[in-house]
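Colleague: Can you read through this structure? Questions will come right after.
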Amino acid sequence: MKKLSLDKILQSQGFGSRKGCRDLIEEGEVSIDGVVIQKWKTEYQPEGLVFQVFDETWEYREKVYLVLNKPSSYECSRKPTHHPAVLTLFPQNMEWRDVQPVGRLDHDTTGLLLLSDDGAFIHAQSSPKRHQPKTYIATTAEPVTDALIAQLLSGVQLIDESAPIAALVANKVSDNEIEIVLEQGKYHQVKRMLAAAGNHCSALRRVKIGGLQLADLALAEGEWRFLSADELALLQG
């Protein structure tokens with residue numbers, strides 16, 4: 001990777017327009033290795049570069065791959081209608097570099113949500129051809145029965161679908177909780193499947209995508225972090 005001027009590096013990381021980044025540098029708000037840099041024309045090798053903006057430390061990333069433990073009452077949309085957008089849970093530079101949710105969770109659904117500014121990654125993870133299994137824990141209004149599990153595994157008919165849709169896995173977690181694993185990502189799918197099977201979903205949490213498990217990430221609701229290379233590999237299976 002060739003060297004880039006510091007203003008270009010900051011712009012690529014979402015810290016504003018080129019002029020805005022030059023202003024940050026000239027105003028002494030950017031440092032590298034504890035040294036304030038005020039010449040925006042100075043060139044650096046971006047790969048692996050660690051820098052500080054407003055005393056917060058960042059590492060250069062050509063693309064970002066993020067995971068959020070999504071809380072309830074947030075919308076997976078850049079133009080939310082009734083609730084705040086999930087991007088408000090992130091530093092503003094993530095929005096400026098066009099980070100987007102990978103797929104969507106309903107505003108009242110919690111749990112594992114991926115975000116990225118890598119269009120190819122978003123497309124690959126969202127594509128129905130990928131058959132990426134996703135695991136949900138649903139809280140049900142009525143008790144979980146063997147008959148409910150059997151219906152979900154054999155397939156239920158949803159409105160506007162040409163054929164019944166079945167869960168890959170359906171397991172009773174507790175009297176009113178059920179684990180459901182799906183390959184598809186259809187609109188309100190878990191809620192609609194439970195309704196079609198004669199029950200009702202009162203709460204929903206996504207706990208796993210591919211081999212990536214929410215329980216292994218040590219994230220409280222509303223917390224996020226960058227995915228490691230090993231964690232990204234769990235999504236490639």
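By convention in this document, the chains of the structure tokens carry letters A, B, ... by their order, each chain's residues are numbered from 1, and ligands are numbered from 1 in the order they are shown.
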Range 63-168 of chain A: which residues are alpha helix (DSSP H) by DSSP, as a PyMOL selection string?
Modeller: chain A and resi 92-96+119-126+146-154
Colleague: What would the file look like if the residues just selected were written as a compact mmCIF listing (two decimals), in the first residue's frame with C-alpha atoms?
Modeller:
# COMPACT_ATOMS: atom_id res chain seq x y z
CA GLN A 92 -19.98 9.74 13.96
CA ASN A 93 -17.05 8.83 11.72
CA MET A 94 -18.63 5.42 11.18
CA GLU A 95 -21.66 7.05 9.60
CA TRP A 96 -19.46 9.38 7.54
CA GLY A 119 -20.25 -3.50 -0.11
CA ALA A 120 -19.04 -6.90 -1.27
CA PHE A 121 -19.13 -8.22 2.31
CA ILE A 122 -22.63 -6.83 2.90
CA HIS A 123 -23.88 -8.39 -0.34
CA ALA A 124 -22.29 -11.76 0.38
CA GLN A 125 -23.65 -11.92 3.92
CA SER A 126 -27.13 -10.79 2.85
CA ASP A 146 -43.80 -30.63 20.97
CA ALA A 147 -46.54 -29.90 18.42
CA LEU A 148 -45.20 -26.35 17.89
CA ILE A 149 -41.68 -27.66 17.33
CA ALA A 150 -42.94 -30.31 14.92
CA GLN A 151 -44.84 -27.69 12.90
CA LEU A 152 -41.82 -25.41 12.63
CA LEU A 153 -39.58 -28.27 11.51
CA SER A 154 -42.03 -29.62 8.96
Colleague: Near Asn171 in chain A, counting only C-alpha atoms, which residues have an atom at most 7 Å away, once you skip same-chain residues fewer than 6 positions from it, shown as a PyMOL selection string?
Modeller: chain A and resi 149+178-180
Colleague: Just want the 12 Å neighbourhood of Val173 in chain A, counted on only C-alpha atoms, with same-chain residues fewer than 6 positions away dropped. Output as a PDB file with C-alpha atoms, in the first residue's frame.
Modeller:
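Here's the written file result-v4.pdb:
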ATOM      1  CA  TYR A 136     -32.779 -16.771  17.280  1.00  0.00           C
ATOM      2  CA  ILE A 137     -34.236 -17.155  20.763  1.00  0.00           C
ATOM      3  CA  ALA A 138     -37.913 -16.257  20.770  1.00  0.00           C
ATOM      4  CA  THR A 139     -40.043 -15.660  23.838  1.00  0.00           C
ATOM      5  CA  THR A 140     -43.536 -16.970  23.191  1.00  0.00           C
ATOM      6  CA  PRO A 143     -45.991 -22.440  26.128  1.00  0.00           C
ATOM      7  CA  VAL A 144     -43.609 -24.179  23.734  1.00  0.00           C
ATOM      8  CA  THR A 145     -45.014 -27.597  22.893  1.00  0.00           C
ATOM      9  CA  ILE A 149     -41.677 -27.655  17.327  1.00  0.00           C
ATOM     10  CA  GLU A 179     -34.466 -21.609  19.731  1.00  0.00           C
ATOM     11  CA  ILE A 180     -35.057 -21.329  15.977  1.00  0.00           C
TER      12      ILE A 180
END
Colleague: List the spatial neighbours of Pro133 in chain A as number ranges by chain - criterion: any atom at most 12 Å away, only C-alpha atoms, same-chain residues fewer than 6 positions off excluded.
Modeller: A: 125-127, 167-169, 180-185, 206-213, 234-237
Colleague: Would you mind telling me which residue in A:Cys76, A:Leu6, A:Val102, A:Gly48 lies nearest to Lys19 in chain A when using only C-alpha atoms?
Modeller: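 Among the listed residues, A:Leu6 lies closest to Lys19 in chain A.
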Colleague: Could you find all residues in range 8-125 of chain A that DSSP calls strand (DSSP E) from the backbone, and write them as a PyMOL selection string?
Modeller: chain A and resi 30-32+35-36+43-44+50-53+56-59+65-70+100-101+109-116
Colleague: Find the spatial neighbours of range 35-38 of chain A, counting only C-alpha atoms, within a cut-off of 10 Å - ignore same-chain residues fewer than 3 positions away - and output them as number ranges by chain.
Modeller: A: 6, 22-32, 41-42, 51-53
Colleague: Show which residues sit within 8 Å of Tyr74 in chain A, as a list in words. Count only C-alpha atoms, and ignore same-chain residues fewer than 6 positions away.
Modeller: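 Contacts, in chain order: His83, Pro84, Ala85, Val86, His107 and Asp108 of chain A.
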Colleague: Determine, counting only C-alpha atoms, which protein, DNA and RNA residues have an atom within 9 Å of an atom of Thr109 in chain A; residues of the same chain fewer than 3 positions away are not included. Present the result as an MDAnalysis selection string.
Modeller: chainID A and resid 70:74 105:106 203:206
Colleague: Counting only C-alpha atoms, figure out which residue out of A:Glu59, A:Asp216, A:Glu142, A:Asp160 gets nearest to Glu177 in chain A.
Modeller: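 Among the listed residues, A:Glu142 lies closest to Glu177 in chain A.
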Colleague: In Å to one decimal, how far is CA of Asp55 in chain A from CA of Glu231 in chain A?
Modeller: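 Going from CA of Glu231 in chain A over to CA of Asp55 in chain A, I get 28.2 Å.
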